[in-house]
Amino acid sequence: MTKSGGGQGVSAWECHAQRVAAQSWPTACLYVVATPIGNLADLSLRALEALRQCDAIAAEDTRTTRSLLQAWGLDVPLLAAHRHNEQAAAVKIIERLQAGARIALVSDAGAPAVSDPGARIVRRVQQAGFRVVPVPGPSAVITALMASGATSDEAPGFAFAGFMPARSGARRAWLSSWLALPMPVVLFEAPHRVRPALADLLDLAGGSRIVTIARELTKRHEDIATLPLAQVMAWLQADAHRGQGEFVIVVHAPPAQPAAPAGLAEADQRLMQVLLDELSVRDAVRIGTRLTGHARDALYTWALAQRRGADQDP
């Protein structure tokens, strides 16, 4: 979209909207549509057109979805599809698909069927032989990771654990298993439980473990901080508003403890560290293999652990 003039901007938007509308929109199909997690402007053109094209929208909360539709000038019939009626909702959706309808599935915010209801409906629709088309978009998990720096192109892995158990005993046992993973872990928490949950995290992971606290993502009062767990309570107490809103917590991976390959002399380790300071892991290992004579796989494992450790230094 051009930035030079309002009229040209509207024209470009309309042009793109027409192209999206002209794309293929198969009938007898379930469209799983991601919706904004806070900022209405995050609804994509394709998601907007999918909602417009559908004959009905299956919504986790029809009141929330009706507000979204009104904001975008849409008038589409709504069906209730929440965690307490998923099986019954799936039957109704399949009946409509059998009649050739297009049905959209949305949650209150973000991607349906991930941490929100919808997976049972998706499975039932697939089992009935109908097509399921995902329309990607906003995700609190990915949004928080984008701002955390907890992953990298060389170590992109992470685990999404969802909401923590409400009771401390169950929460601590649950957290212990997730914290043992050698990768970042993304957690959700409600505002009234965030302090005891962070206290358990501090006790189990230690004060030096790095976390990213993200609240009110994409909204006006969005607040994101990356800091050691030892500083989290002080950060919360510094502003009364920081105890409000929905929280996404990214627990960064524990510091790696790289072990040198057998026979890798201290001088070779220094050489590899110099290479890693200037090059990618792949290029450093390629050159280091030639210079040291060590096996590529062993050097790669060691170098990757070194890089992860360096990335996690506060």
# chains A, B, ... in the order shown; residues from 1 in each chain; ligands from 1
call {"tool": "residues_around", "arguments": {"residues": "segment 197-202 of chain A", "least_positions_apart": "3", "cutoff": "9 Å", "atoms": "only C-alpha atoms", "output": "number ranges by chain"}}
result
A: 164, 166, 168, 171-172, 175-176, 179, 189, 193-194, 205-209, 229-230, 232-233, 251
call {"tool": "write_last_selection", "arguments": {"atoms": "C-alpha atoms", "output": "mmCIF file, in the first residue's frame"}}
result
data_model
loop_
_atom_site.group_PDB
_atom_site.id
_atom_site.type_symbol
_atom_site.label_atom_id
_atom_site.label_comp_id
_atom_site.auth_asym_id
_atom_site.auth_seq_id
_atom_site.Cartn_x
_atom_site.Cartn_y
_atom_site.Cartn_z
ATOM 1 C CA MET A 164 -0.532 -23.421 34.091
ATOM 2 C CA ALA A 166 -4.349 -23.282 39.149
ATOM 3 C CA SER A 168 0.364 -24.620 43.494
ATOM 4 C CA ARG A 171 1.508 -26.288 39.062
ATOM 5 C CA ARG A 172 4.940 -27.021 40.544
ATOM 6 C CA LEU A 175 6.343 -26.807 35.683
ATOM 7 C CA SER A 176 9.138 -29.154 36.724
ATOM 8 C CA LEU A 179 11.424 -26.591 32.741
ATOM 9 C CA GLU A 189 -1.419 -17.137 32.861
ATOM 10 C CA ARG A 193 -2.646 -16.072 39.380
ATOM 11 C CA VAL A 194 0.443 -14.525 37.811
ATOM 12 C CA ALA A 205 14.137 -22.430 37.847
ATOM 13 C CA GLY A 206 16.334 -20.133 39.932
ATOM 14 C CA GLY A 207 16.821 -16.389 39.872
ATOM 15 C CA SER A 208 19.249 -16.370 36.939
ATOM 16 C CA ARG A 209 16.833 -18.038 34.494
ATOM 17 C CA LEU A 229 13.441 -14.314 37.291
ATOM 18 C CA ALA A 230 15.068 -12.744 40.342
ATOM 19 C CA VAL A 232 10.392 -10.211 38.025
ATOM 20 C CA MET A 233 8.594 -9.395 41.294
ATOM 21 C CA VAL A 251 10.844 -19.071 29.960
#
call {"tool": "residues_around", "arguments": {"residues": "His192 of chain A", "least_positions_apart": "2", "cutoff": "10 Å", "atoms": "only C-alpha atoms", "output": "list in words"}}
result
Glu189, Ala190, Val194, Arg195, Pro196, Ala197, Gly243, Gln244, Gly245 and Glu246 of chain A
call {"tool": "closest_atom_pairs", "arguments": {"of": "segment 58-177 of chain A", "to": "segment 30-50 of chain A", "cutoff": "9 Å", "atoms": "only C-alpha atoms", "output": "tab-separated table"}}
result
residue	atom	partner	partner_atom	distance
A:Leu68	CA	A:Leu40	CA	7.7
A:Ala71	CA	A:Leu40	CA	8.2
A:Trp72	CA	A:Leu48	CA	8.1
A:Leu74	CA	A:Leu48	CA	9.0
A:Ile93	CA	A:Leu30	CA	8.4
A:Leu97	CA	A:Leu30	CA	7.7
A:Ala101	CA	A:Leu30	CA	8.7
A:Arg102	CA	A:Leu30	CA	6.2
A:Ile103	CA	A:Leu30	CA	5.0
A:Ala104	CA	A:Tyr31	CA	4.5
A:Leu105	CA	A:Val32	CA	4.8
A:Val106	CA	A:Val33	CA	5.5
A:Ser107	CA	A:Thr35	CA	7.5
A:Asp108	CA	A:Thr35	CA	7.6
A:Ala109	CA	A:Ile37	CA	4.6
A:Gly110	CA	A:Thr35	CA	5.0
A:Ala111	CA	A:Ala34	CA	4.3
A:Pro112	CA	A:Ala34	CA	6.4
A:Ala113	CA	A:Val32	CA	8.3
A:Gly118	CA	A:Val32	CA	8.6
A:Val122	CA	A:Leu30	CA	8.0
A:Val125	CA	A:Leu30	CA	7.6
A:Phe130	CA	A:Leu30	CA	7.5
A:Arg131	CA	A:Leu30	CA	6.3
A:Val132	CA	A:Leu30	CA	4.8
A:Val133	CA	A:Tyr31	CA	4.8
A:Pro134	CA	A:Val32	CA	4.7
A:Val135	CA	A:Val33	CA	4.7
A:Pro136	CA	A:Ala34	CA	5.5
A:Gly137	CA	A:Ala34	CA	5.0
A:Pro138	CA	A:Pro36	CA	5.6
A:Ser139	CA	A:Ile37	CA	7.0
A:Ala140	CA	A:Ile37	CA	6.8
call {"tool": "write_last_selection", "arguments": {"atoms": "N, CA, C and O atoms", "output": "short mmCIF file (atom, residue, chain, number, x, y, z; two decimals), in the first residue's frame"}}
result
data_model
loop_
_atom_site.label_atom_id
_atom_site.label_comp_id
_atom_site.auth_asym_id
_atom_site.auth_seq_id
_atom_site.Cartn_x
_atom_site.Cartn_y
_atom_site.Cartn_z
N LEU A 68 -16.57 -8.10 16.75
CA LEU A 68 -15.57 -8.07 15.69
C LEU A 68 -16.23 -7.85 14.33
O LEU A 68 -15.77 -7.03 13.52
N ALA A 71 -17.39 -4.30 13.90
CA ALA A 71 -16.28 -3.37 13.67
C ALA A 71 -15.86 -3.35 12.21
O ALA A 71 -15.37 -2.33 11.71
N TRP A 72 -16.05 -4.49 11.52
CA TRP A 72 -15.66 -4.58 10.11
C TRP A 72 -16.86 -4.53 9.17
O TRP A 72 -16.72 -4.79 7.97
N LEU A 74 -19.56 -6.45 8.94
CA LEU A 74 -20.02 -7.74 8.43
C LEU A 74 -21.29 -8.18 9.17
O LEU A 74 -21.46 -7.91 10.36
N ILE A 93 -22.37 -28.28 12.22
CA ILE A 93 -21.48 -27.77 11.17
C ILE A 93 -21.42 -28.76 10.01
O ILE A 93 -21.49 -28.37 8.84
N LEU A 97 -22.21 -28.31 6.07
CA LEU A 97 -21.22 -28.62 5.03
C LEU A 97 -21.81 -29.59 4.01
O LEU A 97 -21.54 -29.49 2.81
N ALA A 101 -22.39 -25.58 2.33
CA ALA A 101 -22.10 -24.28 2.93
C ALA A 101 -20.61 -24.09 3.19
O ALA A 101 -19.85 -25.05 3.29
N ARG A 102 -20.22 -22.83 3.29
CA ARG A 102 -18.91 -22.47 3.81
C ARG A 102 -19.11 -22.05 5.27
O ARG A 102 -19.95 -21.19 5.57
N ILE A 103 -18.34 -22.64 6.17
CA ILE A 103 -18.43 -22.33 7.59
C ILE A 103 -17.07 -21.88 8.09
O ILE A 103 -16.05 -22.51 7.81
N ALA A 104 -17.04 -20.78 8.85
CA ALA A 104 -15.81 -20.33 9.49
C ALA A 104 -15.82 -20.76 10.95
O ALA A 104 -16.88 -20.80 11.59
N LEU A 105 -14.65 -21.07 11.47
CA LEU A 105 -14.48 -21.41 12.88
C LEU A 105 -13.52 -20.39 13.48
O LEU A 105 -12.40 -20.22 13.00
N VAL A 106 -13.96 -19.69 14.54
CA VAL A 106 -13.12 -18.70 15.20
C VAL A 106 -13.17 -18.89 16.71
O VAL A 106 -14.14 -19.43 17.25
N SER A 107 -12.12 -18.44 17.38
CA SER A 107 -12.12 -18.38 18.84
C SER A 107 -12.27 -16.92 19.25
O SER A 107 -12.43 -16.04 18.40
N ASP A 108 -12.23 -16.66 20.54
CA ASP A 108 -12.38 -15.27 21.00
C ASP A 108 -11.24 -14.40 20.47
O ASP A 108 -11.43 -13.22 20.18
N ALA A 109 -10.03 -14.98 20.37
CA ALA A 109 -8.87 -14.23 19.91
C ALA A 109 -7.78 -15.22 19.50
O ALA A 109 -7.61 -16.25 20.15
N GLY A 110 -7.06 -14.89 18.44
CA GLY A 110 -5.95 -15.73 18.02
C GLY A 110 -6.38 -16.92 17.18
O GLY A 110 -7.42 -16.90 16.50
N ALA A 111 -5.58 -17.97 17.25
CA ALA A 111 -5.75 -19.14 16.38
C ALA A 111 -6.66 -20.18 17.03
O ALA A 111 -6.33 -20.71 18.09
N PRO A 112 -7.79 -20.52 16.41
CA PRO A 112 -8.67 -21.56 16.97
C PRO A 112 -7.98 -22.92 16.96
O PRO A 112 -7.07 -23.17 16.16
N ALA A 113 -8.42 -23.78 17.84
CA ALA A 113 -7.98 -25.19 17.88
C ALA A 113 -6.51 -25.35 18.27
O ALA A 113 -5.92 -26.39 18.06
N GLY A 118 -11.98 -25.96 19.43
CA GLY A 118 -12.05 -26.09 17.98
C GLY A 118 -11.42 -27.34 17.43
O GLY A 118 -11.79 -27.79 16.34
N VAL A 122 -12.56 -29.65 14.20
CA VAL A 122 -11.69 -29.89 13.04
C VAL A 122 -11.57 -31.38 12.75
O VAL A 122 -11.69 -31.82 11.60
N VAL A 125 -14.88 -32.83 11.32
CA VAL A 125 -15.08 -32.39 9.94
C VAL A 125 -14.17 -33.16 9.00
O VAL A 125 -14.59 -33.62 7.92
N PHE A 130 -14.75 -33.71 4.78
CA PHE A 130 -14.81 -32.35 4.26
C PHE A 130 -13.46 -31.65 4.41
O PHE A 130 -12.65 -31.98 5.28
N ARG A 131 -13.25 -30.67 3.57
CA ARG A 131 -11.99 -29.94 3.55
C ARG A 131 -11.92 -28.94 4.70
O ARG A 131 -12.92 -28.30 5.05
N VAL A 132 -10.72 -28.80 5.27
CA VAL A 132 -10.46 -27.80 6.31
C VAL A 132 -9.36 -26.88 5.78
O VAL A 132 -8.27 -27.33 5.43
N VAL A 133 -9.65 -25.58 5.73
CA VAL A 133 -8.69 -24.60 5.24
C VAL A 133 -8.29 -23.66 6.38
O VAL A 133 -9.14 -22.93 6.90
N PRO A 134 -7.01 -23.66 6.80
CA PRO A 134 -6.58 -22.72 7.83
C PRO A 134 -6.30 -21.35 7.23
O PRO A 134 -5.69 -21.24 6.16
N VAL A 135 -6.75 -20.32 7.89
CA VAL A 135 -6.46 -18.94 7.48
C VAL A 135 -5.62 -18.33 8.61
O VAL A 135 -6.16 -17.90 9.63
N PRO A 136 -4.30 -18.32 8.46
CA PRO A 136 -3.42 -17.94 9.58
C PRO A 136 -3.50 -16.46 9.91
O PRO A 136 -4.00 -15.64 9.13
N GLY A 137 -2.99 -16.14 11.08
CA GLY A 137 -3.01 -14.74 11.51
C GLY A 137 -2.47 -14.60 12.91
O GLY A 137 -1.53 -15.31 13.30
N PRO A 138 -3.05 -13.71 13.70
CA PRO A 138 -2.51 -13.40 15.03
C PRO A 138 -2.42 -14.63 15.93
O PRO A 138 -3.28 -15.50 15.92
N SER A 139 -1.34 -14.65 16.74
CA SER A 139 -1.12 -15.73 17.71
C SER A 139 -0.35 -15.14 18.89
O SER A 139 0.73 -14.57 18.69
N ALA A 140 -0.88 -15.27 20.09
CA ALA A 140 -0.19 -14.75 21.27
C ALA A 140 1.14 -15.46 21.47
O ALA A 140 2.12 -14.85 21.92
#
call {"tool": "atom_distance", "arguments": {"atom1": "atom CA of Cys29 of chain A", "atom2": "atom CA of Pro117 of chain A"}}
result
18.5 Å
call {"tool": "select_by_dssp", "arguments": {"residues": "segment 70-252 of chain A", "states": "strand (DSSP E or B)", "output": "VMD selection string"}}
result
chain A and resid 78 to 80 102 to 106 110 131 to 135 159 to 163 185 to 189 210 to 215 223 to 228 247 to 251
call {"tool": "write_last_selection", "arguments": {"atoms": "C-alpha atoms", "output": "PDB file, in the first residue's frame"}}
result
ATOM      1  CA  LEU A  78     -23.294 -17.026  14.245  1.00  0.00           C
ATOM      2  CA  LEU A  79     -23.255 -20.489  15.802  1.00  0.00           C
ATOM      3  CA  ALA A  80     -22.033 -21.198  19.329  1.00  0.00           C
ATOM      4  CA  ARG A 102     -18.911 -22.469   3.812  1.00  0.00           C
ATOM      5  CA  ILE A 103     -18.432 -22.326   7.591  1.00  0.00           C
ATOM      6  CA  ALA A 104     -15.811 -20.329   9.489  1.00  0.00           C
ATOM      7  CA  LEU A 105     -14.477 -21.408  12.883  1.00  0.00           C
ATOM      8  CA  VAL A 106     -13.119 -18.697  15.201  1.00  0.00           C
ATOM      9  CA  GLY A 110      -5.950 -15.729  18.019  1.00  0.00           C
ATOM     10  CA  ARG A 131     -11.992 -29.940   3.548  1.00  0.00           C
ATOM     11  CA  VAL A 132     -10.458 -27.798   6.308  1.00  0.00           C
ATOM     12  CA  VAL A 133      -8.685 -24.601   5.236  1.00  0.00           C
ATOM     13  CA  PRO A 134      -6.580 -22.720   7.827  1.00  0.00           C
ATOM     14  CA  VAL A 135      -6.458 -18.936   7.482  1.00  0.00           C
ATOM     15  CA  ALA A 159       7.550 -25.728  23.554  1.00  0.00           C
ATOM     16  CA  PHE A 160       4.073 -24.301  24.065  1.00  0.00           C
ATOM     17  CA  ALA A 161       2.616 -25.471  27.369  1.00  0.00           C
ATOM     18  CA  GLY A 162      -0.538 -23.327  27.571  1.00  0.00           C
ATOM     19  CA  PHE A 163      -2.156 -22.309  30.854  1.00  0.00           C
ATOM     20  CA  VAL A 185       8.788 -22.778  27.023  1.00  0.00           C
ATOM     21  CA  VAL A 186       5.783 -20.520  26.384  1.00  0.00           C
ATOM     22  CA  LEU A 187       3.150 -20.316  29.131  1.00  0.00           C
ATOM     23  CA  PHE A 188      -0.179 -18.527  29.561  1.00  0.00           C
ATOM     24  CA  GLU A 189      -1.419 -17.137  32.861  1.00  0.00           C
ATOM     25  CA  ILE A 210      15.742 -15.504  31.884  1.00  0.00           C
ATOM     26  CA  VAL A 211      12.049 -14.925  31.200  1.00  0.00           C
ATOM     27  CA  THR A 212      10.059 -12.645  28.964  1.00  0.00           C
ATOM     28  CA  ILE A 213       6.846 -11.296  30.489  1.00  0.00           C
ATOM     29  CA  ALA A 214       4.369 -10.071  27.875  1.00  0.00           C
ATOM     30  CA  ARG A 215       1.023  -8.584  28.850  1.00  0.00           C
ATOM     31  CA  ASP A 223       4.074  -4.256  28.130  1.00  0.00           C
ATOM     32  CA  ILE A 224       6.989  -6.613  27.396  1.00  0.00           C
ATOM     33  CA  ALA A 225      10.058  -7.159  29.544  1.00  0.00           C
ATOM     34  CA  THR A 226      12.924  -9.646  29.346  1.00  0.00           C
ATOM     35  CA  LEU A 227      14.798 -10.092  32.599  1.00  0.00           C
ATOM     36  CA  PRO A 228      16.085 -12.678  35.115  1.00  0.00           C
ATOM     37  CA  PHE A 247      -0.033 -12.782  30.381  1.00  0.00           C
ATOM     38  CA  VAL A 248       2.244 -14.741  28.080  1.00  0.00           C
ATOM     39  CA  ILE A 249       5.441 -15.900  29.787  1.00  0.00           C
ATOM     40  CA  VAL A 250       8.407 -17.146  27.783  1.00  0.00           C
ATOM     41  CA  VAL A 251      10.844 -19.071  29.960  1.00  0.00           C
TER      42      VAL A 251
END
call {"tool": "atom_distance", "arguments": {"atom1": "atom CA of Gln273 of chain A", "atom2": "atom CA of Leu299 of chain A"}}
result
11.2 Å
call {"tool": "closest_residue", "arguments": {"among": "A:Arg124, A:Arg290, A:Arg66, A:His82", "to": "Ile94 of chain A", "atoms": "only C-alpha atoms"}}
result
A:Arg124
call {"tool": "select_by_dssp", "arguments": {"residues": "segment 202-242 of chain A", "states": "alpha helix (DSSP H)", "output": "PyMOL selection string"}}
result
chain A and resi 202-205+232-237
call {"tool": "closest_residue", "arguments": {"among": "A:Ser177, A:Glu154, A:Gln126, A:Met183", "to": "Ala253 of chain A", "atoms": "only C-alpha atoms"}}
result
A:Met183
call {"tool": "atom_distance", "arguments": {"atom1": "atom CA of Thr289 of chain A", "atom2": "atom CA of Gln269 of chain A"}}
result
11.9 Å
call {"tool": "residues_around", "arguments": {"residues": "Val274 of chain A", "least_positions_apart": "3", "cutoff": "12 Å", "atoms": "only C-alpha atoms", "output": "ChimeraX atom specification"}}
result
/A:267-271,277-281,284-285,287-288,303,306-307
call {"tool": "write_last_selection", "arguments": {"atoms": "all heavy atoms", "output": "short mmCIF file (atom, residue, chain, number, x, y, z; two decimals), in the first residue's frame"}}
result
data_model
loop_
_atom_site.label_atom_id
_atom_site.label_comp_id
_atom_site.auth_asym_id
_atom_site.auth_seq_id
_atom_site.Cartn_x
_atom_site.Cartn_y
_atom_site.Cartn_z
N ALA A 267 43.67 -25.05 22.76
CA ALA A 267 43.99 -24.15 21.65
C ALA A 267 42.96 -24.28 20.53
O ALA A 267 42.56 -23.27 19.91
CB ALA A 267 45.39 -24.46 21.11
N ASP A 268 42.49 -25.50 20.28
CA ASP A 268 41.46 -25.71 19.26
C ASP A 268 40.14 -25.08 19.68
O ASP A 268 39.40 -24.54 18.85
CB ASP A 268 41.27 -27.20 18.99
CG ASP A 268 42.46 -27.82 18.27
OD1 ASP A 268 43.22 -27.05 17.64
OD2 ASP A 268 42.61 -29.05 18.31
N GLN A 269 39.83 -25.16 20.99
CA GLN A 269 38.61 -24.54 21.49
C GLN A 269 38.67 -23.02 21.30
O GLN A 269 37.68 -22.39 20.91
CB GLN A 269 38.39 -24.88 22.96
CG GLN A 269 38.10 -26.35 23.21
CD GLN A 269 37.79 -26.63 24.67
OE1 GLN A 269 37.00 -25.92 25.29
NE2 GLN A 269 38.43 -27.66 25.23
N ARG A 270 39.84 -22.43 21.57
CA ARG A 270 39.99 -20.98 21.38
C ARG A 270 39.82 -20.62 19.91
O ARG A 270 39.21 -19.62 19.56
CB ARG A 270 41.34 -20.51 21.91
CG ARG A 270 41.45 -20.53 23.43
CD ARG A 270 42.60 -19.65 23.90
NE ARG A 270 43.88 -20.11 23.38
CZ ARG A 270 44.67 -20.98 24.03
NH1 ARG A 270 44.30 -21.47 25.20
NH2 ARG A 270 45.82 -21.35 23.50
N LEU A 271 40.39 -21.46 19.04
CA LEU A 271 40.25 -21.23 17.60
C LEU A 271 38.78 -21.26 17.19
O LEU A 271 38.30 -20.38 16.46
CB LEU A 271 41.04 -22.29 16.83
CG LEU A 271 40.78 -22.35 15.31
CD1 LEU A 271 41.27 -21.08 14.64
CD2 LEU A 271 41.47 -23.58 14.70
N ASP A 277 32.81 -16.21 16.79
CA ASP A 277 32.60 -14.78 16.99
C ASP A 277 32.40 -14.04 15.67
O ASP A 277 31.80 -12.97 15.64
CB ASP A 277 33.79 -14.16 17.74
CG ASP A 277 33.83 -14.59 19.20
OD1 ASP A 277 32.79 -15.07 19.70
OD2 ASP A 277 34.89 -14.47 19.82
N GLU A 278 32.91 -14.62 14.58
CA GLU A 278 32.89 -13.92 13.30
C GLU A 278 31.98 -14.57 12.26
O GLU A 278 31.56 -13.91 11.31
CB GLU A 278 34.32 -13.86 12.71
CG GLU A 278 35.34 -13.18 13.62
CD GLU A 278 35.02 -11.70 13.82
OE1 GLU A 278 34.40 -11.10 12.91
OE2 GLU A 278 35.38 -11.17 14.89
N LEU A 279 31.65 -15.86 12.46
CA LEU A 279 30.94 -16.61 11.42
C LEU A 279 29.70 -17.29 11.98
O LEU A 279 29.52 -17.39 13.19
CB LEU A 279 31.88 -17.66 10.81
CG LEU A 279 33.20 -17.16 10.20
CD1 LEU A 279 34.09 -18.36 9.87
CD2 LEU A 279 32.93 -16.31 8.97
N SER A 280 28.89 -17.80 11.08
CA SER A 280 27.77 -18.64 11.48
C SER A 280 28.31 -19.96 12.01
O SER A 280 29.48 -20.32 11.77
CB SER A 280 26.84 -18.90 10.29
OG SER A 280 27.49 -19.71 9.32
N VAL A 281 27.47 -20.69 12.73
CA VAL A 281 27.89 -22.00 13.23
C VAL A 281 28.31 -22.90 12.08
O VAL A 281 29.34 -23.59 12.15
CB VAL A 281 26.74 -22.66 14.04
CG1 VAL A 281 27.06 -24.11 14.35
CG2 VAL A 281 26.51 -21.89 15.34
N ALA A 284 31.70 -21.75 10.71
CA ALA A 284 32.76 -21.96 11.70
C ALA A 284 33.13 -23.44 11.79
O ALA A 284 34.31 -23.80 11.86
CB ALA A 284 32.32 -21.44 13.06
N VAL A 285 32.13 -24.31 11.76
CA VAL A 285 32.39 -25.75 11.83
C VAL A 285 33.07 -26.24 10.56
O VAL A 285 33.98 -27.08 10.60
CB VAL A 285 31.08 -26.51 12.09
CG1 VAL A 285 31.27 -28.01 11.91
CG2 VAL A 285 30.54 -26.20 13.48
N ILE A 287 35.11 -24.62 8.60
CA ILE A 287 36.53 -24.25 8.63
C ILE A 287 37.25 -24.97 9.76
O ILE A 287 38.37 -25.47 9.61
CB ILE A 287 36.67 -22.72 8.79
CG1 ILE A 287 36.08 -22.02 7.55
CG2 ILE A 287 38.13 -22.32 8.99
CD1 ILE A 287 35.99 -20.52 7.68
N GLY A 288 36.57 -25.06 10.93
CA GLY A 288 37.20 -25.72 12.08
C GLY A 288 37.49 -27.18 11.83
O GLY A 288 38.49 -27.72 12.33
N ALA A 303 29.75 -26.43 18.97
CA ALA A 303 29.61 -25.03 18.55
C ALA A 303 28.19 -24.53 18.75
O ALA A 303 27.98 -23.38 19.17
CB ALA A 303 30.02 -24.90 17.09
N GLN A 306 27.68 -23.77 22.33
CA GLN A 306 28.37 -22.52 22.67
C GLN A 306 27.53 -21.31 22.24
O GLN A 306 27.41 -20.34 22.99
CB GLN A 306 29.74 -22.49 21.97
CG GLN A 306 30.77 -23.43 22.54
CD GLN A 306 31.43 -22.88 23.81
OE1 GLN A 306 31.08 -21.80 24.27
NE2 GLN A 306 32.36 -23.63 24.36
N ARG A 307 27.01 -21.36 21.03
CA ARG A 307 26.22 -20.24 20.52
C ARG A 307 24.95 -20.04 21.35
O ARG A 307 24.57 -18.92 21.65
CB ARG A 307 25.88 -20.49 19.05
CG ARG A 307 25.04 -19.41 18.39
CD ARG A 307 25.72 -18.04 18.38
NE ARG A 307 27.00 -18.04 17.72
CZ ARG A 307 27.18 -17.94 16.40
NH1 ARG A 307 26.14 -17.85 15.60
NH2 ARG A 307 28.39 -17.90 15.88
#
